[in-house]
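Content type mmCIF, C-alpha atoms, from the file protein33.cif:
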```
data_coords
#
loop_
_atom_site.label_atom_id
_atom_site.label_comp_id
_atom_site.auth_asym_id
_atom_site.auth_seq_id
_atom_site.Cartn_x
_atom_site.Cartn_y
_atom_site.Cartn_z
CA MET A 354 19.35 -8.37 -2.07
CA THR A 355 20.32 -10.21 -5.22
CA CYS A 356 21.29 -8.74 -8.54
CA ARG A 357 20.73 -10.13 -12.01
CA VAL A 358 22.39 -8.52 -15.01
CA ALA A 359 19.94 -7.67 -17.78
CA GLY A 360 20.36 -8.40 -21.47
CA ILE A 361 22.41 -5.25 -21.94
CA ASP A 362 25.31 -4.27 -19.73
CA THR A 363 23.84 -0.88 -18.85
CA LEU A 364 20.76 -2.09 -16.98
CA LYS A 365 20.90 -4.18 -13.81
CA HIS A 366 17.94 -5.61 -11.92
CA ILE A 367 17.52 -6.07 -8.19
CA ASP A 368 14.51 -7.86 -6.73
CA TYR A 369 13.98 -6.64 -3.17
CA LYS A 370 10.89 -7.30 -1.06
CA GLN A 371 8.71 -7.77 -4.14
CA VAL A 372 9.91 -4.51 -5.69
CA ARG A 373 11.73 -4.67 -9.02
CA VAL A 374 14.56 -2.12 -8.97
CA SER A 375 16.28 -1.61 -12.33
CA ILE A 376 19.46 0.46 -12.30
CA LEU A 377 20.30 2.35 -15.49
CA LEU A 378 24.05 2.94 -15.63
CA THR A 379 24.33 6.13 -17.68
CA ASN A 380 28.11 6.12 -17.27
CA ALA A 381 28.28 2.79 -19.13
CA HIS A 382 27.13 4.67 -22.25
CA HIS A 383 29.28 7.76 -21.66
CA SER A 384 32.02 8.25 -19.06
CA GLY A 385 30.44 11.49 -17.89
CA GLY A 386 27.14 9.80 -17.00
CA ASN A 387 24.30 12.30 -16.89
CA LYS A 388 26.80 15.13 -17.48
CA TYR A 389 27.23 13.95 -21.07
CA TYR A 390 23.54 14.63 -21.71
CA LYS A 391 23.66 17.98 -19.90
CA LEU A 392 26.61 19.12 -22.02
CA LYS A 393 25.63 17.69 -25.40
CA LEU A 394 23.26 20.41 -26.64
CA ASN A 395 25.25 23.15 -24.93
CA ILE A 396 28.31 22.19 -26.96
CA GLU A 397 26.22 22.25 -30.13
CA ARG A 398 24.96 25.73 -29.23
CA ALA A 399 28.49 26.94 -28.52
CA ARG A 400 29.48 25.81 -32.02
CA GLN A 401 26.50 27.64 -33.50
CA GLN A 402 27.66 30.81 -31.72
CA ASN A 403 31.19 30.33 -33.11
CA MET A 404 32.62 30.03 -29.62
CA ASN A 405 35.80 28.06 -29.05
CA THR A 406 35.95 28.28 -25.25
CA LEU A 407 33.67 26.78 -22.58
CA LEU A 408 33.76 28.17 -19.03
CA SER A 409 32.04 26.94 -15.90
CA PHE A 410 32.31 26.67 -12.11
CA GLY A 411 32.85 23.98 -9.51
CA GLY A 412 34.72 22.65 -6.51
CA ALA A 413 37.77 20.44 -6.19
CA TRP A 414 35.77 17.25 -6.82
CA SER A 415 33.14 18.59 -9.22
CA ASN A 416 31.75 15.94 -11.57
CA HIS A 417 30.61 18.76 -13.84
CA ILE A 418 34.10 20.27 -14.15
CA HIS A 419 35.56 16.82 -14.74
CA ALA A 420 33.04 16.02 -17.49
CA LEU A 421 33.44 19.47 -19.06
CA SER A 422 37.19 19.02 -19.35
CA GLU A 423 36.70 15.65 -21.05
CA ALA A 424 34.03 17.01 -23.38
CA GLY A 425 36.24 19.95 -24.34
CA LEU A 426 39.15 17.65 -25.11
CA LYS A 427 37.00 15.37 -27.28
CA SER A 428 35.16 18.13 -29.12
CA GLY A 429 38.05 20.55 -29.66
CA PHE A 430 37.03 23.30 -27.25
CA ARG A 431 39.27 25.22 -24.91
CA THR A 432 37.90 24.85 -21.37
CA ILE A 433 38.21 27.03 -18.28
CA GLY A 434 37.19 25.91 -14.81
CA VAL A 435 36.58 28.57 -12.18
CA ILE A 436 37.35 26.66 -8.99
CA ARG A 437 36.05 27.51 -5.53
CA GLY A 438 38.84 28.12 -3.01
CA GLU A 439 42.54 28.85 -3.08
CA ALA A 440 44.88 26.83 -5.27
CA PRO A 441 45.87 23.75 -3.23
CA ALA A 442 49.46 22.69 -2.71
CA ASN A 443 48.38 19.14 -3.58
CA PRO A 444 45.50 19.26 -6.09
CA SER A 445 42.77 16.62 -6.02
CA ALA A 446 42.85 13.77 -8.50
CA MET A 447 39.90 15.41 -10.26
CA LEU A 448 41.75 18.69 -10.69
CA LYS A 449 44.77 16.82 -12.03
CA ASP A 450 42.50 15.04 -14.52
CA ALA A 451 41.02 18.37 -15.63
CA VAL A 452 44.46 19.86 -16.23
CA GLY A 453 45.48 16.69 -18.05
CA ASN A 454 42.47 17.18 -20.32
CA GLY A 455 43.72 20.66 -21.17
CA MET A 456 41.48 22.70 -18.86
CA LEU A 457 42.77 26.01 -17.53
CA LEU A 458 41.96 26.31 -13.83
CA HIS A 459 41.21 29.71 -12.32
CA TYR A 460 40.95 29.69 -8.53
CA VAL A 461 38.84 32.26 -6.68
CA SER A 462 38.16 32.76 -2.98
CA ARG A 463 34.95 31.40 -1.52
CA GLU A 464 33.73 34.96 -1.11
CA GLN A 465 34.33 35.72 -4.79
CA TYR A 466 32.74 32.42 -5.77
CA ARG A 467 29.46 33.48 -4.16
CA HIS A 468 29.21 36.11 -6.89
CA LYS A 469 29.61 33.64 -9.76
CA ASP A 470 26.18 34.55 -11.19
CA ASP A 471 26.67 38.32 -11.01
CA ASP A 472 27.11 40.23 -14.25
CA THR A 473 30.06 42.18 -12.83
CA PHE A 474 31.91 38.98 -11.93
CA ILE A 475 31.19 37.40 -15.32
CA GLY A 476 32.30 40.61 -17.04
CA ALA A 477 35.63 40.49 -15.21
CA LEU A 478 36.12 36.90 -16.38
CA ARG A 479 35.45 37.95 -19.99
CA GLN A 480 38.01 40.74 -19.68
CA LYS A 481 40.56 38.26 -18.36
CA PHE A 482 39.91 35.33 -20.70
CA GLY A 483 38.15 36.82 -23.73
CA GLY A 484 34.93 35.44 -25.19
CA PHE A 485 33.52 32.18 -23.87
CA TYR A 486 30.35 30.13 -23.75
CA LEU A 487 29.11 30.26 -20.16
CA LEU A 488 27.76 27.21 -18.36
CA PRO A 489 26.31 27.51 -14.83
CA GLU A 490 27.65 25.55 -11.87
CA GLY A 491 26.43 21.98 -12.29
CA GLY A 492 25.58 22.66 -15.93
CA SER A 493 21.82 22.99 -15.44
CA ASN A 494 20.14 25.21 -18.04
CA ASN A 495 17.46 24.78 -20.71
CA ASP A 496 19.73 22.92 -23.12
CA ALA A 497 20.84 20.64 -20.30
CA VAL A 498 17.20 19.80 -19.50
CA LEU A 499 16.48 19.04 -23.16
CA GLY A 500 19.61 16.90 -23.39
CA CYS A 501 18.66 14.90 -20.29
CA GLN A 502 15.33 14.01 -21.86
CA GLU A 503 17.38 11.69 -24.09
CA ILE A 504 18.27 9.48 -21.10
CA LEU A 505 14.80 7.99 -21.40
CA ASN A 506 15.69 6.75 -24.90
CA LEU A 507 17.87 4.12 -23.20
CA VAL A 508 14.84 2.31 -21.73
CA ASN A 509 11.19 1.60 -22.38
CA ALA A 510 9.68 4.20 -20.06
CA SER A 511 6.28 2.48 -19.94
CA ASP A 512 7.91 -0.43 -18.07
CA TYR A 513 8.27 1.59 -14.86
CA ASP A 514 6.07 3.18 -12.22
CA ILE A 515 8.75 5.16 -10.39
CA PHE A 516 11.80 6.97 -11.78
CA ALA A 517 14.41 7.72 -9.12
CA LEU A 518 17.57 9.80 -9.39
CA PRO A 519 19.91 11.91 -7.25
CA VAL A 520 19.57 15.68 -7.37
CA GLY A 521 22.31 18.30 -7.32
CA THR A 522 21.23 21.37 -9.27
CA GLY A 523 18.04 19.79 -10.68
CA GLY A 524 18.66 19.81 -14.43
CA THR A 525 18.58 16.03 -14.85
CA LEU A 526 15.42 15.78 -12.75
CA ALA A 527 13.72 18.41 -14.93
CA GLY A 528 14.86 16.50 -18.01
CA ILE A 529 13.35 13.22 -16.83
CA VAL A 530 10.07 14.84 -15.77
CA SER A 531 9.65 16.76 -19.03
CA GLY A 532 10.92 13.79 -21.06
CA LEU A 533 8.19 11.58 -19.64
CA ALA A 534 5.63 14.22 -20.54
CA MET A 535 6.97 14.31 -24.10
CA SER A 536 6.69 10.53 -24.36
CA ARG A 537 3.01 10.54 -23.47
CA GLY A 538 0.40 10.73 -26.20
CA ALA A 539 -0.66 14.18 -27.37
CA ASN A 540 -4.31 13.57 -26.54
CA ASP A 541 -4.37 10.82 -23.95
CA PHE A 542 -2.16 8.36 -22.13
CA SER A 543 -2.76 5.09 -20.38
CA ALA A 544 -3.79 4.74 -16.77
CA LEU A 545 -0.42 3.11 -16.14
CA GLN A 546 1.44 6.13 -17.46
CA SER A 547 -0.77 8.53 -15.49
CA ASN A 548 0.38 6.85 -12.26
CA GLN A 549 4.08 7.27 -13.00
CA GLN A 550 6.08 9.48 -10.67
CA VAL A 551 9.60 10.85 -10.49
CA MET A 552 11.48 10.95 -7.19
CA GLY A 553 14.60 13.05 -6.72
CA TYR A 554 16.94 12.53 -3.77
CA SER A 555 18.80 15.66 -2.68
CA SER A 556 22.35 15.27 -1.36
CA LEU A 557 22.34 18.82 0.03
CA LYS A 558 21.07 19.68 3.49
CA GLY A 559 18.09 22.03 3.56
CA ALA A 560 18.09 22.69 -0.19
CA TYR A 561 14.36 23.29 -0.27
CA ASP A 562 14.75 25.93 -2.97
CA LEU A 563 15.48 23.09 -5.41
CA GLN A 564 11.74 22.56 -5.86
CA ALA A 565 11.28 26.06 -7.22
CA SER A 566 14.43 25.81 -9.36
CA VAL A 567 13.26 22.60 -11.02
CA GLN A 568 9.79 24.06 -11.55
CA GLN A 569 11.33 27.10 -13.19
CA MET A 570 13.29 24.86 -15.56
CA LEU A 571 10.15 22.87 -16.35
CA ASN A 572 8.20 26.07 -17.04
CA ALA A 573 10.89 27.27 -19.45
CA VAL A 574 11.03 23.98 -21.37
CA THR A 575 7.27 23.46 -21.60
CA HIS A 576 6.71 27.10 -22.59
CA LYS A 577 8.94 26.57 -25.62
CA ASP A 578 6.73 23.64 -26.65
CA ALA A 579 3.38 25.17 -25.68
CA SER A 580 1.74 24.06 -28.93
CA ARG A 581 2.00 20.41 -27.80
CA ASN A 582 0.51 21.18 -24.37
CA VAL A 583 3.32 19.30 -22.66
CA SER A 584 2.72 20.97 -19.29
CA SER A 585 -0.61 19.18 -18.92
CA ARG A 586 1.11 15.78 -19.17
CA LEU A 587 3.86 16.27 -16.60
CA PRO A 588 4.06 13.32 -14.20
CA GLU A 589 3.91 13.73 -10.44
CA TRP A 590 7.36 14.56 -9.08
CA HIS A 591 8.94 15.56 -5.81
CA ILE A 592 12.31 15.91 -4.10
CA CYS A 593 13.14 13.93 -0.97
CA HIS A 594 15.32 15.75 1.58
CA ASP A 595 15.61 12.96 4.15
CA TYR A 596 18.81 11.26 3.00
CA HIS A 597 21.49 13.96 2.78
CA PHE A 598 23.46 12.42 5.70
CA GLY A 599 24.45 15.80 7.06
CA GLY A 600 24.98 17.68 3.82
CA TYR A 601 26.89 17.77 0.57
CA GLY A 602 30.09 15.72 0.70
CA LYS A 603 29.26 14.19 4.10
CA PHE A 604 30.00 10.47 4.20
CA PRO A 605 29.38 9.06 7.70
CA ASN A 606 30.09 5.47 8.68
CA ALA A 607 26.47 4.34 8.23
CA LEU A 608 26.53 5.42 4.59
CA ARG A 609 30.01 3.96 4.04
CA GLU A 610 28.88 0.59 5.42
CA PHE A 611 25.78 0.67 3.22
CA LEU A 612 27.83 1.48 0.10
CA ILE A 613 30.30 -1.34 0.74
CA ALA A 614 27.55 -3.90 1.44
CA PHE A 615 25.48 -2.82 -1.55
CA GLU A 616 28.41 -3.07 -3.94
CA TYR A 617 29.43 -6.47 -2.58
CA GLN A 618 25.90 -7.88 -2.90
CA ASN A 619 24.92 -6.33 -6.20
CA GLY A 620 28.05 -5.55 -8.19
CA VAL A 621 27.06 -1.91 -8.77
CA LYS A 622 29.48 0.82 -7.72
CA LEU A 623 28.06 3.97 -6.13
CA ASP A 624 29.56 7.37 -5.48
CA PRO A 625 29.46 8.72 -1.90
CA ILE A 626 28.00 12.13 -2.74
CA TYR A 627 24.97 11.32 -4.88
CA THR A 628 24.09 7.76 -5.83
CA ALA A 629 24.88 6.11 -2.47
CA LYS A 630 22.53 8.50 -0.67
CA MET A 631 19.82 7.95 -3.26
CA MET A 632 20.15 4.17 -3.10
CA TYR A 633 20.08 4.20 0.69
CA GLY A 634 16.87 6.22 0.49
CA ILE A 635 15.23 3.86 -1.99
CA ILE A 636 16.01 0.77 0.10
CA ASP A 637 14.78 2.52 3.24
CA GLN A 638 11.54 3.56 1.55
CA ILE A 639 10.96 -0.01 0.38
CA ASP A 640 11.59 -1.23 3.94
CA THR A 641 9.11 1.28 5.38
CA GLY A 642 6.50 0.77 2.67
CA SER A 643 6.75 4.25 1.14
CA ILE A 644 7.63 2.44 -2.08
CA LYS A 645 4.94 -0.19 -2.28
CA SER A 646 5.27 -3.88 -2.99
CA GLY A 647 4.89 -4.60 -6.70
CA SER A 648 6.38 -1.28 -7.78
CA ARG A 649 8.74 -1.16 -10.74
CA VAL A 650 11.48 1.36 -10.06
CA LEU A 651 13.97 2.70 -12.58
CA VAL A 652 17.01 4.08 -10.79
CA ILE A 653 19.00 6.49 -12.94
CA HIS A 654 22.63 6.08 -11.88
CA THR A 655 24.19 9.40 -12.84
CA GLY A 656 27.82 8.28 -12.71
CA GLY A 657 30.21 10.44 -10.73
CA LEU A 658 32.44 7.52 -9.86
CA GLN A 659 35.54 9.67 -10.33
CA GLY A 660 34.65 11.24 -6.99
CA ARG A 661 35.18 7.96 -5.15
CA ARG A 662 38.90 8.76 -5.12
CA GLY A 663 38.25 11.55 -2.63
CA TYR A 664 37.00 9.01 -0.08
CA ALA A 665 39.73 6.34 -0.40
CA LEU A 666 37.32 3.92 -2.07
CA VAL A 667 38.70 1.38 -4.52
#
```

How does this structure look as structure tokens?
Amino acid sequence: MTCRVAGIDTLKHIDYKQVRVSILLTNAHHSGGNKYYKLKLNIERARQQNMNTLLSFGGAWSNHIHALSEAGLKSGFRTIGVIRGEAPANPSAMLKDAVGNGMLLHYVSREQYRHKDDDTFIGALRQKFGGFYLLPEGGSNNDAVLGCQEILNLVNASDYDIFALPVGTGGTLAGIVSGLAMSRGANDFSALQSNQQVMGYSSLKGAYDLQASVQQMLNAVTHKDASRNVSSRLPEWHICHDYHFGGYGKFPNALREFLIAFEYQNGVKLDPIYTAKMMYGIIDQIDTGSIKSGSRVLVIHTGGLQGRRGYALV
């Protein structure tokens, strides 16, 4: 594989077996990567509701919690992170960053964390901390989907046949799918556009419910814009579950070796949890012919490089 840097420093091209792979580095625009787009409209809505506190959930290496703490610091919001598990004697680098950004960390047991979506649990948090704007784990909600549509503004979407991205909670995937539909003409679109597809790569083992979750988000977004008949222009999309490498956070030697070789050959850093698994899957699908020769693939690199520190990667 060889890499050639494009005219802007946020798009890198790899020519591999007659497939053009273009990697969009969302974190080159904003340090939070895709999380910036997921949070952008939510922060605007919090302001509209006269809220001054943002609260959400995550683990010790959560990209979402990390990005939320940064966004709160920059936009003047108090932030609270409800963290899964007991308070560690030696907090992760991510947790230290969050505290450094002014975030208040509230640790709960794994059993309590399972109830994070229950009204009773949320009510107890409001009694403890007062009023706050609530964001779900991972940040995926309607405003996040609408915000992620803006990622497509960084490229000319008609230049690509396949849009590939890692999937956690599905909000970014729903944003790209609905964003492509929005970019298509109201009455008709070209044959090239009609053949476009979006491929999500899940990093979680057995997360087959993601399909329904993304569809639910798409239904909510397209329903709000029913007058433009967006739902009829949604591109083909699916989630691949073949490259989780044992589950969330798993980083076996085969994936480590791939990450190191890919970075050395192409000058693009990957994170072990999401983008390395996605990139492994894309290369494998090119090798096996699932991604056909002549395809033009846009890979949406969602950032998350802060998490590399948890795996002793430079």

Leaving out Leu563 of chain A and any residue of its chain fewer than 2 positions from it, which residues lie within 8 Å of it when counting all atoms listed in the file, given as a compact mmCIF listing (two decimals) with C-alpha atoms, keeping the file's coordinate frame?
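As written to disk, selection-v3.txt reads:
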```txt
# COMPACT_ATOMS: atom_id res chain seq x y z
CA THR A 522 21.23 21.37 -9.27
CA GLY A 523 18.04 19.79 -10.68
CA ALA A 560 18.09 22.69 -0.19
CA TYR A 561 14.36 23.29 -0.27
CA ALA A 565 11.28 26.06 -7.22
CA SER A 566 14.43 25.81 -9.36
CA VAL A 567 13.26 22.60 -11.02
CA ILE A 592 12.31 15.91 -4.10
```

Which polymer residues have any atom within 9 Å of an atom of segment 570-572 of chain A, counting all atoms listed in the file, with same-chain residues fewer than 5 positions away left out, as a PDB file with C-alpha atoms, in the coordinates of the input?
```pdb
ATOM      1  CA  SER A 493      21.820  22.990 -15.440  1.00  0.00           C
ATOM      2  CA  ASN A 494      20.140  25.210 -18.040  1.00  0.00           C
ATOM      3  CA  ASN A 495      17.460  24.780 -20.710  1.00  0.00           C
ATOM      4  CA  VAL A 498      17.200  19.800 -19.500  1.00  0.00           C
ATOM      5  CA  GLY A 523      18.040  19.790 -10.680  1.00  0.00           C
ATOM      6  CA  GLY A 524      18.660  19.810 -14.430  1.00  0.00           C
ATOM      7  CA  ALA A 527      13.720  18.410 -14.930  1.00  0.00           C
ATOM      8  CA  GLY A 528      14.860  16.500 -18.010  1.00  0.00           C
ATOM      9  CA  VAL A 530      10.070  14.840 -15.770  1.00  0.00           C
ATOM     10  CA  SER A 531       9.650  16.760 -19.030  1.00  0.00           C
ATOM     11  CA  ALA A 565      11.280  26.060  -7.220  1.00  0.00           C
ATOM     12  CA  LYS A 577       8.940  26.570 -25.620  1.00  0.00           C
ATOM     13  CA  SER A 584       2.720  20.970 -19.290  1.00  0.00           C
TER      14      SER A 584
END
```

Requested in this report: Figure out the distance between atom CA of Ala614 of chain A and atom CA of Gly412 of chain A, please, to one decimal in Å.
Outcome: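 Interatomic distance, atom CA of Gly412 of chain A to atom CA of Ala614 of chain A: 28.6 Å.
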
Query raised in the report: For the atom pair atom CA of Leu392 of chain A and atom CA of Gln659 of chain A, what is the interatomic distance in Å to one decimal place?
Result: 17.5 Å

Query raised in the report: Of the candidates A:Leu666, A:Val452, A:Thr363, A:Gln371, which shows the shortest atom-to-atom distance to Ile639 of chain A, using all atoms listed in the file?
Result: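 Of all the options, A:Gln371 lies closest to Ile639 of chain A.
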
Query raised in the report: When the PyMOL selection byres ((chain A and resi 373-378) around 6) is applied to the file above, which residues end up in the set, as a PyMOL selection string?
Result: chain A and resi 363-368+372+379-381+649-654

Query raised in the report: Using the chain letters and numbers from the file, which residues does the PyMOL selection byres ((chain A and resi 608) around 10) grab, as a list in words?
Result: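 Answer for the PyMOL selection byres ((chain A and resi 608) around 10): Tyr596, Phe598, Lys603, Phe604, Pro605, Asn606, Ala607, Arg609, Glu610, Phe611, Leu612, Ile613, Ala614, Pro625, Ala629, Lys630 and Tyr633 of chain A.
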
Query raised in the report: Looking at A:Glu439, A:Asp470, A:Glu397, A:Glu423, which one is nearest to Tyr486 of chain A, with distances taken over all atoms listed in the file?
Result: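 Result for the nearest residue to Tyr486 of chain A: A:Glu397.
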
Report task. Starting from the displayed file, determine the output of the PyMOL selection byres ((chain A and resi 550) around 8) and express the residue list as an MDAnalysis selection string. Result -> chainID A and resid 514:516 548:549 551:552 588:590

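Between Gly521 of chain A and the candidates A:Gly425, A:Gly491, A:Gly600, A:Gly634, the tightest atom-to-atom separation, counting all atoms listed in the file, involves A:Gly491.
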
**Report entry** Residue nearest Glu464 of chain A among A:Asp640, A:Tyr513, A:Met447, A:Gly438 (counting all atoms listed in the file)
**Finding:**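 Smallest distance to Glu464 of chain A is found for A:Gly438.
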
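Here atom CA of Phe615 of chain A stands at a distance of 18.2 Å from atom CA of Thr641 of chain A.
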
Phe482 of chain A environment, 10 Å, all atoms listed in the file, sequence neighbours closer than 4 positions dropped, as an mmCIF file with C-alpha atoms, keeping the file's coordinate frame:
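Ended up saving to out01.cif:
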```cif
data_model
loop_
_atom_site.group_PDB
_atom_site.id
_atom_site.type_symbol
_atom_site.label_atom_id
_atom_site.label_comp_id
_atom_site.auth_asym_id
_atom_site.auth_seq_id
_atom_site.Cartn_x
_atom_site.Cartn_y
_atom_site.Cartn_z
ATOM 1 C CA THR A 406 35.950 28.280 -25.250
ATOM 2 C CA LEU A 408 33.760 28.170 -19.030
ATOM 3 C CA ILE A 433 38.210 27.030 -18.280
ATOM 4 C CA GLY A 476 32.300 40.610 -17.040
ATOM 5 C CA ALA A 477 35.630 40.490 -15.210
ATOM 6 C CA LEU A 478 36.120 36.900 -16.380
#
```

Query raised in the report: Of the residues A:Ile436, A:Ala497, A:Ala517, A:Leu421, which is the one nearest to Ile644 of chain A, using all atoms listed in the file?
Result: A:Ala517

Select all residues near (39.2, 28.3, -1.2) (cut-off 8 Å, inclusive, file coordinates), counting all atoms listed in the file, and output them as a compact mmCIF listing (two decimals) with C-alpha atoms, keeping the file's coordinate frame.
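Result file out-v2.txt:
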```txt
# COMPACT_ATOMS: atom_id res chain seq x y z
CA ARG A 437 36.05 27.51 -5.53
CA GLY A 438 38.84 28.12 -3.01
CA GLU A 439 42.54 28.85 -3.08
CA ALA A 440 44.88 26.83 -5.27
CA TYR A 460 40.95 29.69 -8.53
CA VAL A 461 38.84 32.26 -6.68
CA SER A 462 38.16 32.76 -2.98
CA ARG A 463 34.95 31.40 -1.52
```

Report task. Name the residues in contact with His594 of chain A at a cut-off of 9 Å, using all atoms listed in the file, excluding same-chain residues fewer than 5 positions from it; report them as number ranges by chain. Result -> A: 553-561

Requested in this report: Considering all atoms listed in the file, state which residue in the set A:His417, A:Lys449, A:Lys645, A:His597 is at the smallest distance from Lys370 of chain A.
Outcome: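 Closest to Lys370 of chain A, using all atoms listed in the file: A:Lys645.
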